[in-house]
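Input: a single structure, listed below in structure tokens.
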Amino acid sequence: MNRSKPTIEDVARVAGVSRATVSRVINNVPGASEPLRARVHEAVSALGYLPNQTARALASGRPRAIDLVAVKVTAESGWLGTDPYYSRVLAGVLAVLEGQDVHLRMHAVGSGEAIDAIAADATVGAVLTNLPPDHAARFHRRCRRAVSLVATAAAVPAVEADNVGGAQAAVEHLHRLGRRRIAAIHGPATTTCAADRRAGYERAVRALGLPDLGVPGGEFLREDGHDAAGRLLDRYPDVDAVFVACDVMAAGAVQALTAAGRRVPEDVRVVGFDDSLAAACSNPPLTTMRVPVEEMAATATRLLLDGTLPVGYRERFPVSLVQRSS
């Protein structure tokens, strides 16, 4: 049986408020109490209601836009120019927006207040690149038109990579090559993709009967990978392979291994994660697990443009091995 899309009147009926109240809440206009706002948001979520973003943008005088939102790693580090991940996200988003009357706005945030302001000003919706679950949930409470590119809170729609399976496949690849002292340099504990890659490594070494030789690596930065590799060699001098949570860190790890007199790959094999430009430009070029970042970002953008975005939507992309020289 065909079902029509829920309307603003349906939301008003379920929430037990007037149509005007629903409109005020959806458009972030003052004049509705917090309890009323909560009831309207609950009704919106329950019905899967999606406002007409073109009408909203025209009514408010704001241009239709996709917001690309990233959390800055540190106050000193950049995000767009220093991490190849974001250029791949941009490529995926822009490929979909070509020919569309939709702008792209980019934001690097460091606080909840900044997230609130972006959510309040959103029109078409937002692609959340690296927001931790609490930040993503906060954004989603204020703007339902959001898609995360990493695993996140249950209600927040997400287009994510199979990070657990990819990390497990990386360790299994190293094991097939005859390596038995397979260590890991993990990413930031607050990042869900890093946590999933750690879980995949741990699952693999348990299944293969290998020791867990993992060390924390800090943020997804070259210098953190470099420092972690030095600590790894101090703790486990007989390591013969390393799985690293991202290519940028892996490039730093290779530098540290080489400086310590370890040949890559003869003495220590290295596998990264992402298949970014850092992997191809490393010396030697990195074997890595390819995350289809462009495809994921394009999918998230299409979902926002189409307006087909149910609460809790999930789509998972496979991760594949790219063999190079490391």
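Every chain in the structure tokens takes a letter, A first, then B, and so on in the order presented; its residues are numbered from 1, and the ligands are numbered from 1 following the presented order.
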If you run DSSP over the backbone, which residues in stretch 76-274 of chain A end up strand (DSSP E or B)? Put them as an NGL selection string. :A and (103-109 or 125-128 or 146-148 or 158-161 or 182-186 or 213-216 or 241-244 or 269-274)
For the selection you just gave me, I'd like the residues written to a file as a tab-separated table (two decimals), in the first residue's frame, keeping N, CA, C and O atoms.
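Resulting contents of selection12.tsv:
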```
chain	number	residue	atom	x	y	z
A	103	HIS	N	24.98	25.38	-2.51
A	103	HIS	CA	26.32	25.81	-2.11
A	103	HIS	C	26.95	24.77	-1.17
A	103	HIS	O	26.25	23.94	-0.58
A	104	LEU	N	28.26	24.87	-1.01
A	104	LEU	CA	28.98	24.06	-0.03
A	104	LEU	C	29.62	25.00	0.99
A	104	LEU	O	30.33	25.94	0.62
A	105	ARG	N	29.33	24.75	2.27
A	105	ARG	CA	29.94	25.54	3.35
A	105	ARG	C	30.76	24.59	4.23
A	105	ARG	O	30.27	23.53	4.59
A	106	MET	N	31.98	25.00	4.58
A	106	MET	CA	32.86	24.15	5.37
A	106	MET	C	33.10	24.77	6.74
A	106	MET	O	33.28	25.99	6.86
A	107	HIS	N	33.10	23.92	7.77
A	107	HIS	CA	33.24	24.39	9.14
A	107	HIS	C	34.21	23.49	9.90
A	107	HIS	O	34.10	22.27	9.85
A	108	ALA	N	35.15	24.10	10.61
A	108	ALA	CA	36.00	23.38	11.56
A	108	ALA	C	35.60	23.87	12.94
A	108	ALA	O	35.74	25.06	13.26
A	109	VAL	N	35.06	23.00	13.78
A	109	VAL	CA	34.48	23.40	15.06
A	109	VAL	C	35.29	22.84	16.21
A	109	VAL	O	35.98	21.83	16.08
A	125	GLY	N	21.21	20.41	4.62
A	125	GLY	CA	21.67	19.47	5.63
A	125	GLY	C	23.18	19.49	5.76
A	125	GLY	O	23.86	20.32	5.16
A	126	ALA	N	23.72	18.56	6.55
A	126	ALA	CA	25.13	18.57	6.89
A	126	ALA	C	25.74	17.18	6.76
A	126	ALA	O	25.12	16.18	7.12
A	127	VAL	N	26.97	17.15	6.27
A	127	VAL	CA	27.79	15.95	6.28
A	127	VAL	C	28.77	16.10	7.44
A	127	VAL	O	29.56	17.05	7.48
A	128	LEU	N	28.70	15.19	8.40
A	128	LEU	CA	29.53	15.25	9.59
A	128	LEU	C	30.72	14.32	9.37
A	128	LEU	O	30.54	13.11	9.26
A	146	ALA	N	21.21	15.41	8.83
A	146	ALA	CA	22.64	15.23	9.01
A	146	ALA	C	23.01	13.78	8.74
A	146	ALA	O	22.25	12.87	9.08
A	147	VAL	N	24.17	13.59	8.11
A	147	VAL	CA	24.70	12.25	7.86
A	147	VAL	C	26.14	12.22	8.33
A	147	VAL	O	26.94	13.07	7.95
A	148	SER	N	26.46	11.24	9.17
A	148	SER	CA	27.83	11.08	9.65
A	148	SER	C	28.60	10.13	8.74
A	148	SER	O	28.04	9.16	8.23
A	158	ALA	N	24.09	7.39	9.28
A	158	ALA	CA	25.53	7.24	9.04
A	158	ALA	C	25.81	6.46	7.78
A	158	ALA	O	25.11	5.49	7.47
A	159	VAL	N	26.82	6.91	7.05
A	159	VAL	CA	27.39	6.19	5.91
A	159	VAL	C	28.82	5.90	6.31
A	159	VAL	O	29.65	6.80	6.36
A	160	GLU	N	29.13	4.66	6.65
A	160	GLU	CA	30.40	4.36	7.30
A	160	GLU	C	31.15	3.24	6.60
A	160	GLU	O	30.58	2.48	5.81
A	161	ALA	N	32.44	3.14	6.89
A	161	ALA	CA	33.27	2.08	6.35
A	161	ALA	C	33.30	0.90	7.32
A	161	ALA	O	33.08	1.06	8.52
A	182	ILE	N	52.96	-9.28	15.21
A	182	ILE	CA	52.23	-8.20	14.51
A	182	ILE	C	51.73	-7.19	15.53
A	182	ILE	O	50.82	-7.47	16.32
A	183	ALA	N	52.32	-6.03	15.52
A	183	ALA	CA	51.95	-4.97	16.44
A	183	ALA	C	50.92	-4.04	15.79
A	183	ALA	O	50.59	-4.17	14.61
A	184	ALA	N	50.43	-3.09	16.58
A	184	ALA	CA	49.48	-2.10	16.05
A	184	ALA	C	49.75	-0.75	16.68
A	184	ALA	O	50.10	-0.66	17.87
A	185	ILE	N	49.60	0.29	15.90
A	185	ILE	CA	49.61	1.67	16.39
A	185	ILE	C	48.19	2.18	16.21
A	185	ILE	O	47.71	2.33	15.09
A	186	HIS	N	47.52	2.41	17.33
A	186	HIS	CA	46.10	2.76	17.30
A	186	HIS	C	45.90	4.27	17.18
A	186	HIS	O	46.77	5.07	17.54
A	213	LEU	N	50.02	-6.68	20.69
A	213	LEU	CA	51.17	-5.79	20.81
A	213	LEU	C	50.78	-4.37	20.44
A	213	LEU	O	51.57	-3.62	19.85
A	214	GLY	N	49.57	-3.99	20.77
A	214	GLY	CA	49.10	-2.66	20.39
A	214	GLY	C	49.60	-1.57	21.32
A	214	GLY	O	49.78	-1.78	22.52
A	215	VAL	N	49.83	-0.37	20.75
A	215	VAL	CA	50.20	0.81	21.54
A	215	VAL	C	49.34	1.98	21.08
A	215	VAL	O	48.96	2.06	19.91
A	216	PRO	N	49.02	2.90	21.99
A	216	PRO	CA	48.27	4.09	21.57
A	216	PRO	C	49.14	4.99	20.71
A	216	PRO	O	50.33	5.17	20.98
A	241	ALA	N	56.01	-6.85	12.14
A	241	ALA	CA	54.97	-6.23	11.30
A	241	ALA	C	54.19	-5.24	12.16
A	241	ALA	O	54.08	-5.41	13.38
A	242	VAL	N	53.66	-4.21	11.50
A	242	VAL	CA	52.88	-3.20	12.21
A	242	VAL	C	51.64	-2.84	11.39
A	242	VAL	O	51.76	-2.51	10.20
A	243	PHE	N	50.49	-2.91	12.03
A	243	PHE	CA	49.26	-2.36	11.45
A	243	PHE	C	49.04	-0.99	12.07
A	243	PHE	O	49.05	-0.84	13.30
A	244	VAL	N	48.87	0.03	11.23
A	244	VAL	CA	48.74	1.40	11.70
A	244	VAL	C	47.35	1.93	11.32
A	244	VAL	O	46.87	1.71	10.21
A	269	ARG	N	57.19	-5.36	8.19
A	269	ARG	CA	56.16	-4.99	7.21
A	269	ARG	C	55.17	-4.03	7.85
A	269	ARG	O	54.88	-4.14	9.05
A	270	VAL	N	54.64	-3.11	7.04
A	270	VAL	CA	53.71	-2.09	7.55
A	270	VAL	C	52.48	-2.05	6.66
A	270	VAL	O	52.59	-2.04	5.42
A	271	VAL	N	51.31	-2.02	7.29
A	271	VAL	CA	50.04	-1.84	6.58
A	271	VAL	C	49.32	-0.64	7.19
A	271	VAL	O	49.15	-0.56	8.42
A	272	GLY	N	48.91	0.30	6.36
A	272	GLY	CA	48.16	1.46	6.82
A	272	GLY	C	46.67	1.28	6.60
A	272	GLY	O	46.18	0.17	6.37
A	273	PHE	N	45.95	2.41	6.66
A	273	PHE	CA	44.50	2.37	6.50
A	273	PHE	C	44.05	3.67	5.86
A	273	PHE	O	44.46	4.73	6.29
A	274	ASP	N	43.24	3.60	4.84
A	274	ASP	CA	42.56	4.71	4.14
A	274	ASP	C	42.83	4.66	2.64
A	274	ASP	O	41.94	4.94	1.86
```
Mind checking which residues fall within 8 Å of stretch 143-145 of chain A, counting only C-alpha atoms, ignoring those fewer than 4 positions away in the same chain, and posting them as a list of chain:residue names?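 So, after excluding close chain neighbours, the residues are A:Leu50, A:Ala119, A:Ala120, A:Ala122, A:Val124, A:Gly125, A:Ala126, A:Phe139, A:Leu304, A:Leu309, A:Val311.
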Can those selected residues be exported to a file as a PDB file, in the first residue's frame so that it contains N, CA and C atoms?
```pdb
ATOM      1  N   LEU A  50      10.406  15.151   6.998  1.00  0.00           N
ATOM      2  CA  LEU A  50      11.494  15.937   6.443  1.00  0.00           C
ATOM      3  C   LEU A  50      10.916  17.214   5.845  1.00  0.00           C
ATOM      4  N   ALA A 119      23.993  23.953  13.128  1.00  0.00           N
ATOM      5  CA  ALA A 119      22.743  23.200  13.008  1.00  0.00           C
ATOM      6  C   ALA A 119      21.553  24.135  12.836  1.00  0.00           C
ATOM      7  N   ALA A 120      21.552  25.238  13.560  1.00  0.00           N
ATOM      8  CA  ALA A 120      20.433  26.177  13.476  1.00  0.00           C
ATOM      9  C   ALA A 120      20.360  26.846  12.112  1.00  0.00           C
ATOM     10  N   ALA A 122      21.375  25.442   9.202  1.00  0.00           N
ATOM     11  CA  ALA A 122      21.395  24.470   8.106  1.00  0.00           C
ATOM     12  C   ALA A 122      20.149  24.592   7.233  1.00  0.00           C
ATOM     13  N   VAL A 124      19.794  22.559   3.469  1.00  0.00           N
ATOM     14  CA  VAL A 124      19.676  21.215   2.898  1.00  0.00           C
ATOM     15  C   VAL A 124      20.105  20.160   3.910  1.00  0.00           C
ATOM     16  N   GLY A 125      21.211  20.412   4.623  1.00  0.00           N
ATOM     17  CA  GLY A 125      21.673  19.467   5.626  1.00  0.00           C
ATOM     18  C   GLY A 125      23.179  19.488   5.757  1.00  0.00           C
ATOM     19  N   ALA A 126      23.719  18.556   6.554  1.00  0.00           N
ATOM     20  CA  ALA A 126      25.133  18.568   6.886  1.00  0.00           C
ATOM     21  C   ALA A 126      25.742  17.181   6.763  1.00  0.00           C
ATOM     22  N   PHE A 139      24.271  17.645  17.346  1.00  0.00           N
ATOM     23  CA  PHE A 139      23.900  18.258  16.072  1.00  0.00           C
ATOM     24  C   PHE A 139      22.552  17.717  15.595  1.00  0.00           C
ATOM     25  N   LEU A 304      21.020  13.664   1.446  1.00  0.00           N
ATOM     26  CA  LEU A 304      20.548  14.975   1.892  1.00  0.00           C
ATOM     27  C   LEU A 304      19.762  15.679   0.793  1.00  0.00           C
ATOM     28  N   LEU A 309      15.953  10.379   4.396  1.00  0.00           N
ATOM     29  CA  LEU A 309      16.908  10.225   5.481  1.00  0.00           C
ATOM     30  C   LEU A 309      16.209   9.829   6.782  1.00  0.00           C
ATOM     31  N   VAL A 311      15.567   8.384  10.514  1.00  0.00           N
ATOM     32  CA  VAL A 311      16.375   8.363  11.734  1.00  0.00           C
ATOM     33  C   VAL A 311      17.018   6.992  11.883  1.00  0.00           C
TER      34      VAL A 311
END
```
Just want the 8 Å neighbourhood of A:Arg181, counted on only C-alpha atoms, with same-chain residues fewer than 5 positions away dropped. Output as a PyMOL selection string. chain A and resi 210-211+213+238-241
Let's see if you can do this: from backbone DSSP, list all helix (DSSP H, G or I) residues in stretch 184-285 of chain A, as an MDAnalysis selection string. chainID A and resid 192:208 222:235 247:259 277:281
For the residues in that selection, give me C-alpha atoms as a short mmCIF file (atom, residue, chain, number, x, y, z; two decimals), in the first residue's frame.
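Result saved to out27.cif:
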```cif
data_model
loop_
_atom_site.label_atom_id
_atom_site.label_comp_id
_atom_site.auth_asym_id
_atom_site.auth_seq_id
_atom_site.Cartn_x
_atom_site.Cartn_y
_atom_site.Cartn_z
CA THR A 192 34.84 5.77 16.52
CA CYS A 193 36.63 4.69 13.35
CA ALA A 194 39.89 4.39 15.31
CA ALA A 195 38.10 2.41 18.03
CA ASP A 196 36.64 0.08 15.40
CA ARG A 197 40.04 -0.45 13.77
CA ARG A 198 41.47 -1.28 17.17
CA ALA A 199 38.65 -3.76 17.74
CA GLY A 200 39.37 -5.37 14.36
CA TYR A 201 43.06 -5.75 15.20
CA GLU A 202 42.27 -7.27 18.59
CA ARG A 203 39.73 -9.66 17.07
CA ALA A 204 42.29 -10.81 14.50
CA VAL A 205 45.15 -11.49 16.91
CA ARG A 206 42.81 -13.42 19.20
CA ALA A 207 41.53 -15.55 16.32
CA LEU A 208 45.10 -16.20 15.09
CA ARG A 222 52.35 11.92 11.15
CA GLU A 223 54.32 12.93 14.23
CA ASP A 224 52.12 10.79 16.48
CA GLY A 225 52.75 7.76 14.28
CA HIS A 226 56.47 8.51 14.38
CA ASP A 227 56.55 8.79 18.17
CA ALA A 228 54.39 5.68 18.65
CA ALA A 229 56.71 3.60 16.47
CA GLY A 230 59.64 4.59 18.65
CA ARG A 231 57.77 3.52 21.78
CA LEU A 232 56.71 0.33 20.04
CA LEU A 233 60.31 -0.65 19.30
CA ASP A 234 61.32 0.06 22.90
CA ARG A 235 58.54 -2.17 24.20
CA ASP A 247 48.15 6.20 6.37
CA VAL A 248 49.38 9.54 7.71
CA MET A 249 50.44 7.89 10.97
CA ALA A 250 51.87 4.94 9.03
CA ALA A 251 54.10 7.27 7.01
CA GLY A 252 55.51 8.64 10.27
CA ALA A 253 55.94 5.11 11.61
CA VAL A 254 57.94 4.07 8.53
CA GLN A 255 60.24 7.05 9.06
CA ALA A 256 60.84 6.04 12.68
CA LEU A 257 61.44 2.39 11.80
CA THR A 258 63.93 3.32 9.09
CA ALA A 259 65.73 5.74 11.41
CA LEU A 277 47.79 10.23 -0.98
CA ALA A 278 50.09 9.65 2.00
CA ALA A 279 50.17 5.93 1.19
CA ALA A 280 51.22 6.38 -2.42
CA CYS A 281 53.85 9.00 -1.53
#
```
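For the choices A:Glu295, A:Ser23, A:Leu47, A:Val268, the atom-to-atom distance to A:Leu177 is smallest for A:Val268 when using only C-alpha atoms.
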Near A:Ala153, counting only C-alpha atoms, which residues have an atom at most 8 Å away, once you skip same-chain residues fewer than 5 positions from it, shown as a compact mmCIF listing (two decimals) with C-alpha atoms, in the first residue's frame?
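This went into out_27.txt:
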```txt
# COMPACT_ATOMS: atom_id res chain seq x y z
CA PRO A 133 29.10 10.42 18.98
CA ASP A 134 28.14 13.04 21.57
CA ALA A 136 26.97 14.17 16.32
CA ALA A 137 23.98 13.45 18.57
```
